[in-house]
Each structure stands twice: as C-alpha cells, then as structure tokens.
$ cat model10.txt   # compact mmCIF, C-alpha atoms
# COMPACT_ATOMS: atom_id res chain seq x y z
CA MET A 230 0.00 0.00 0.00
CA MET A 231 1.45 3.29 -1.11
CA PRO A 232 0.61 5.25 2.09
CA VAL A 233 2.61 2.73 4.12
CA VAL A 234 5.53 2.87 1.67
CA ARG A 235 5.51 6.65 1.80
CA ALA A 236 5.48 6.61 5.61
CA LEU A 237 8.41 4.17 5.67
CA ALA A 238 10.31 6.29 3.15
CA GLY A 239 9.70 9.35 5.35
CA LEU A 240 11.03 7.46 8.36
CA GLY A 241 14.03 6.51 6.24
CA THR A 242 14.79 10.18 5.59
CA ARG A 243 14.98 10.74 9.35
CA LEU A 244 17.18 7.69 9.87
CA ALA A 245 19.41 8.91 7.03
CA GLU A 246 20.39 11.83 9.27
CA LEU A 247 22.23 9.55 11.72
CA PRO A 248 25.86 10.57 12.15
CA GLY A 249 28.39 8.38 10.40
CA LEU A 250 25.87 6.82 8.05
CA LEU A 251 27.53 6.02 4.74
CA ALA A 252 24.60 4.80 2.64
CA VAL A 253 20.94 3.87 2.62
CA SER A 254 20.17 0.46 1.18
CA TRP A 255 16.88 0.05 -0.68
CA LEU A 256 16.50 -3.70 -1.02
CA PRO A 257 13.77 -3.93 -3.71
CA ALA A 258 16.08 -2.10 -6.14
CA ARG A 259 19.30 -3.55 -4.68
CA SER A 260 20.57 0.01 -4.49
CA TRP A 261 22.89 1.85 -2.13
CA ILE A 262 22.13 5.56 -1.93
CA GLU A 263 24.19 8.37 -0.42
CA PRO A 264 22.22 9.59 2.65
CA GLY A 265 22.00 13.25 1.58
CA TYR A 266 20.75 12.29 -1.87
CA PHE A 267 18.23 9.86 -0.36
CA ARG A 268 16.89 12.54 2.02
CA LYS A 269 16.55 15.07 -0.80
CA VAL A 270 14.86 12.93 -3.44
CA VAL A 271 12.53 11.14 -1.03
CA SER A 272 11.58 14.40 0.73
CA ASP A 273 10.90 16.02 -2.64
CA TRP A 274 8.67 13.07 -3.60
CA LEU A 275 6.80 13.14 -0.29
CA ASN A 276 6.20 16.88 -0.80
CA GLY A 277 4.60 16.40 -4.22
CA GLY A 278 7.61 16.05 -6.51
CA ALA A 279 8.53 13.31 -8.94
CA PHE A 280 9.03 9.77 -7.75
CA PRO A 281 12.75 9.15 -7.03
CA ALA A 282 13.16 6.53 -9.73
CA LEU A 283 16.96 6.69 -9.58
CA GLY A 284 17.38 5.25 -6.14
CA LEU A 285 14.13 3.50 -5.27
CA THR A 286 14.39 1.64 -8.56
CA THR A 287 17.42 0.85 -10.67
CA LEU A 288 17.85 0.57 -14.42
CA HIS A 289 19.95 -2.03 -16.16
CA ARG A 290 20.88 -1.88 -19.82
CA GLN A 291 20.71 -5.25 -21.53
CA ASN A 292 23.02 -6.44 -24.30
CA ASP A 293 20.25 -5.79 -26.84
CA GLY A 294 20.00 -2.14 -25.72
CA LYS A 295 16.78 -2.49 -23.72
CA MET A 296 16.54 -0.81 -20.31
CA VAL A 297 15.04 -3.00 -17.58
CA SER A 298 13.94 -1.76 -14.16
CA LEU A 299 14.51 -3.43 -10.83
CA GLY A 300 12.42 -2.44 -7.81
CA LEU A 301 9.42 -0.97 -9.61
CA HIS A 302 7.57 -4.17 -8.76
CA TYR A 303 7.60 -3.08 -5.10
CA PHE A 304 5.44 -0.06 -5.99
CA THR A 305 3.25 -1.30 -8.85
CA GLY A 306 3.53 -5.07 -9.02
CA GLN A 307 5.25 -4.68 -12.40
CA GLU A 308 8.72 -4.09 -13.79
CA LEU A 309 9.45 -2.05 -16.93
CA THR A 310 11.34 -2.98 -20.07
CA LEU A 311 12.02 -0.08 -22.43
CA ASP A 312 13.09 -0.81 -25.98
CA ALA A 313 15.19 2.32 -26.36
CA GLY A 314 16.27 1.65 -29.92
CA GLU A 315 15.24 5.14 -31.03
CA ALA A 316 17.01 6.89 -28.15
CA ARG A 317 20.15 8.81 -29.06
CA ASP A 318 22.16 7.45 -26.15
CA THR A 319 21.97 5.65 -22.81
CA ALA A 320 21.31 8.89 -20.91
CA GLU A 321 18.29 9.69 -23.07
CA ALA A 322 16.98 6.14 -22.67
CA ALA A 323 17.37 6.43 -18.90
CA ARG A 324 15.47 9.76 -18.87
CA ILE A 325 12.62 8.16 -20.80
CA ALA A 326 12.57 5.16 -18.46
CA VAL A 327 12.55 7.43 -15.38
CA ARG A 328 9.60 9.35 -16.82
CA LEU A 329 7.69 6.13 -17.45
CA ILE A 330 8.50 4.84 -13.96
CA ASN A 331 7.11 8.06 -12.47
CA GLU A 332 3.92 7.66 -14.54
CA LEU A 333 3.51 4.05 -13.44
CA VAL A 334 3.99 4.85 -9.76
CA LEU A 335 1.46 7.69 -10.02
CA SER A 336 -1.17 5.66 -11.87
CA GLY A 337 -0.62 2.19 -10.42
CA PRO A 338 -0.28 -1.05 -12.35
CA LEU A 339 -0.77 -0.74 -16.09
CA ARG A 340 -3.73 -2.81 -17.27
CA GLN A 341 -3.96 -1.67 -20.89
CA ARG A 342 -1.88 0.04 -23.54
CA ILE A 343 -1.13 3.73 -23.12
CA ASP A 344 0.43 6.26 -25.50
CA LEU A 345 2.37 9.20 -24.10
CA PRO A 346 4.22 12.09 -25.74
CA GLY A 347 7.88 11.21 -26.15
CA PRO A 348 11.07 12.98 -27.15
CA ALA A 349 11.16 15.04 -30.33
CA GLY A 350 7.48 14.47 -31.06
CA ALA A 351 7.71 10.68 -30.93
CA ARG A 352 5.17 8.60 -29.03
CA LEU A 353 5.93 6.36 -26.07
CA ILE A 354 3.84 3.23 -26.19
CA ALA A 355 3.57 1.08 -23.07
CA GLU A 356 1.53 -2.05 -22.59
CA PRO A 357 1.47 -4.84 -20.02
CA ARG A 358 2.48 -8.36 -20.95
CA PRO A 359 -0.39 -10.85 -20.74
CA ASP A 360 0.79 -12.12 -17.32
CA GLY A 361 0.75 -8.50 -16.05
CA ALA A 362 4.18 -8.71 -14.38
CA MET A 363 6.06 -6.66 -16.99
CA VAL A 364 5.31 -3.45 -18.85
CA MET A 365 6.84 -3.37 -22.30
CA ALA A 366 7.50 0.12 -23.63
CA ARG A 367 8.91 1.41 -26.87
CA ILE A 368 9.36 4.63 -28.75
CA GLY A 369 6.97 4.37 -31.67
$ encode --input "model10.txt" --output "structure tokens"
Amino acid sequence: MMPVVRALAGLGTRLAELPGLLAVSWLPARSWIEPGYFRKVVSDWLNGGAFPALGLTTLHRQNDGKMVSLGLHYFTGQELTLDAGEARDTAEAARIAVRLINELVLSGPLRQRIDLPGPAGARLIAEPRPDGAMVMARIG
C-alpha cells in the first residue's frame, strides 16, 4: 500500500540523518544511496515532486540495448522494459525510463496500452504483458 511505503520512506529520511551513516540500502532495487541524496529525493517526492526513480528503482541496460527496471515491482507489481532503440544514447533512454516509472507509480499497475508524448514528437507506447508482471515500452 502506497501510504505505508511513503510513511516508511519518510522514516528513512529521518534515519538517514544519523551521524556516520555512509549509505541507505533500498532492497527492492538492490541500491545503495548516499544519505544526503536519499533525504533530498525522497523528501521532494513526499512533498509532491517526482518519484525518485533513480534510487528507489534501478535501471539495467541489456546487451540488446533495452533498459530494464529493478524495484518498480515493489510499488506497482510490475517491472518495466524499455526498448530504447530510437534513443540517441543511454542517458536519453534512462530519462525516458525514469519518466515512465514516475507515470507508473502515479497511476498504479498498467492494465492496458497507453500512449504518451515522447522525445522530439515521438510517441511512447507502453503495454502490459499478458501475465501482467512486466510493462513493455517502446518509442513508436
């Protein structure tokens, strides 16, 4: 439940103020986050900002160029695979993936195809796999 997750994340921001703390570990994403960065991005999110996708989820680039999330499942019950073939570079693909992750966390699990505005007038198309555990997205 998102209210519980948000409360725990808020508690984490307070714990991240402990002296001598070197990192915050977020197990669903297998990430280690610098405490100051964790406090800032989580506090921003809790105060109405964007979801801190780089930290509470991680992105992994596959050999075929696709970007795959880890940790999104904790928030939506789904992970994301982005076919970033049309992206200019890895940084652009990551920005697109972060935007999609934010959308998915805001709206909850994706049940049907959606089209969103993408970079340079392109469309982002996202749709759940039949088993519902993965959202497949592409620039189309």
$ residues_around --input "model10.txt" --residues "Pro359 (chain A)" --least-positions-apart "4" --cutoff "10 Å" --atoms "all atoms listed in the file" --output "PyMOL selection string"
chain A and resi 340-341+363-364
$ closest_residue --input "model10.txt" --among "A:Gly314, A:Gly347, A:Pro257, A:Pro338" --to "Val234 (chain A)" --atoms "only C-alpha atoms"
A:Pro257
$ residues_around --input "model10.txt" --residues "Trp261 (chain A)" --least-positions-apart "2" --cutoff "12 Å" --atoms "all atoms listed in the file" --output "ChimeraX atom specification"
/A:250-259,263-264,266-267,283-287
$ atom_distance --input "model10.txt" --atom1 "CA of Met230 (chain A)" --atom2 "CA of Val271 (chain A)"
16.8 Å
$ closest_residue --input "model10.txt" --among "A:Leu275, A:Val270, A:Arg342, A:Leu329" --to "Leu237 (chain A)" --atoms "only C-alpha atoms"
A:Leu275
$ atom_distance --input "model10.txt" --atom1 "CA of Asp312 (chain A)" --atom2 "CA of Gly277 (chain A)"
29.0 Å
$ axis_aligned_box --input "model10.txt" --around "region 278-289 of chain A" --padding-each-side "8 Å" --output "lines of an AutoDock Vina configuration file"
center_x = 13.8
center_y = 7.0
center_z = -10.7
size_x = 28.3
size_y = 34.1
size_z = 26.9
$ closest_residue --input "model10.txt" --among "A:Ile330, A:Leu299, A:Gly369, A:Asp360" --to "Pro348 (chain A)" --atoms "all atoms listed in the file"
A:Gly369
$ residues_around --input "model10.txt" --residues "Gly239 (chain A)" --least-positions-apart "3" --cutoff "9 Å" --atoms "all atoms listed in the file" --output "PyMOL selection string"
chain A and resi 234-236+242-244+268+271-272+275
$ residues_around --input "model10.txt" --residues "Gly337 (chain A)" --least-positions-apart "5" --cutoff "10 Å" --atoms "all atoms listed in the file" --output "JSON, numbers by chain"
{"A": [231, 304, 305, 306, 307, 331, 332]}
$ closest_residue --input "model10.txt" --among "A:Leu339, A:Met296, A:Ala238, A:Val233" --to "Trp274 (chain A)" --atoms "only C-alpha atoms"
A:Ala238
$ atom_distance --input "model10.txt" --atom1 "CA of Ala326 (chain A)" --atom2 "CA of Leu311 (chain A)"
6.6 Å
$ residues_around --input "model10.txt" --residues "Glu308 (chain A)" --least-positions-apart "5" --cutoff "6 Å" --atoms "all atoms listed in the file" --output "count of residues only"
4
$ build_atoms --input "model10.txt" --residues "region 242-265 of chain A" --atoms "N, CA and C atoms" --output "short mmCIF file (atom, residue, chain, number, x, y, z; two decimals), in the coordinates of the input"
data_model
loop_
_atom_site.label_atom_id
_atom_site.label_comp_id
_atom_site.auth_asym_id
_atom_site.auth_seq_id
_atom_site.Cartn_x
_atom_site.Cartn_y
_atom_site.Cartn_z
N THR A 242 14.10 8.88 5.71
CA THR A 242 14.79 10.18 5.59
C THR A 242 15.29 10.65 6.95
N ARG A 243 14.53 10.35 8.00
CA ARG A 243 14.98 10.74 9.35
C ARG A 243 16.16 9.88 9.79
N LEU A 244 16.08 8.58 9.52
CA LEU A 244 17.18 7.69 9.87
C LEU A 244 18.44 8.03 9.07
N ALA A 245 18.27 8.56 7.88
CA ALA A 245 19.41 8.91 7.03
C ALA A 245 20.18 10.11 7.57
N GLU A 246 19.68 10.72 8.64
CA GLU A 246 20.39 11.83 9.27
C GLU A 246 21.36 11.36 10.36
N LEU A 247 21.37 10.06 10.66
CA LEU A 247 22.23 9.55 11.72
C LEU A 247 23.70 9.84 11.40
N PRO A 248 24.45 10.27 12.39
CA PRO A 248 25.86 10.57 12.15
C PRO A 248 26.64 9.31 11.77
N GLY A 249 27.54 9.48 10.83
CA GLY A 249 28.39 8.38 10.40
C GLY A 249 27.77 7.45 9.38
N LEU A 250 26.53 7.68 9.03
CA LEU A 250 25.87 6.82 8.05
C LEU A 250 26.51 7.03 6.68
N LEU A 251 26.87 5.93 6.03
CA LEU A 251 27.53 6.02 4.74
C LEU A 251 26.59 5.84 3.57
N ALA A 252 25.52 5.05 3.74
CA ALA A 252 24.60 4.80 2.64
C ALA A 252 23.28 4.28 3.19
N VAL A 253 22.25 4.45 2.37
CA VAL A 253 20.94 3.87 2.62
C VAL A 253 20.77 2.75 1.60
N SER A 254 20.40 1.58 2.08
CA SER A 254 20.17 0.46 1.18
C SER A 254 18.67 0.33 0.95
N TRP A 255 18.28 0.28 -0.32
CA TRP A 255 16.88 0.05 -0.68
C TRP A 255 16.83 -1.32 -1.35
N LEU A 256 16.41 -2.31 -0.58
CA LEU A 256 16.50 -3.70 -1.02
C LEU A 256 15.72 -4.04 -2.28
N PRO A 257 14.48 -3.53 -2.48
CA PRO A 257 13.77 -3.93 -3.71
C PRO A 257 14.52 -3.58 -4.99
N ALA A 258 15.31 -2.51 -4.96
CA ALA A 258 16.08 -2.10 -6.14
C ALA A 258 17.54 -2.54 -6.06
N ARG A 259 17.91 -3.16 -4.94
CA ARG A 259 19.30 -3.55 -4.68
C ARG A 259 20.23 -2.35 -4.85
N SER A 260 19.79 -1.21 -4.34
CA SER A 260 20.57 0.01 -4.49
C SER A 260 21.16 0.46 -3.15
N TRP A 261 22.25 1.18 -3.26
CA TRP A 261 22.89 1.85 -2.13
C TRP A 261 22.90 3.33 -2.49
N ILE A 262 22.35 4.15 -1.61
CA ILE A 262 22.13 5.56 -1.93
C ILE A 262 22.83 6.43 -0.88
N GLU A 263 23.54 7.42 -1.33
CA GLU A 263 24.19 8.37 -0.42
C GLU A 263 23.10 9.02 0.44
N PRO A 264 23.29 9.12 1.77
CA PRO A 264 22.22 9.59 2.65
C PRO A 264 21.65 10.97 2.30
N GLY A 265 22.49 11.93 1.93
CA GLY A 265 22.00 13.25 1.58
C GLY A 265 21.12 13.22 0.35
#
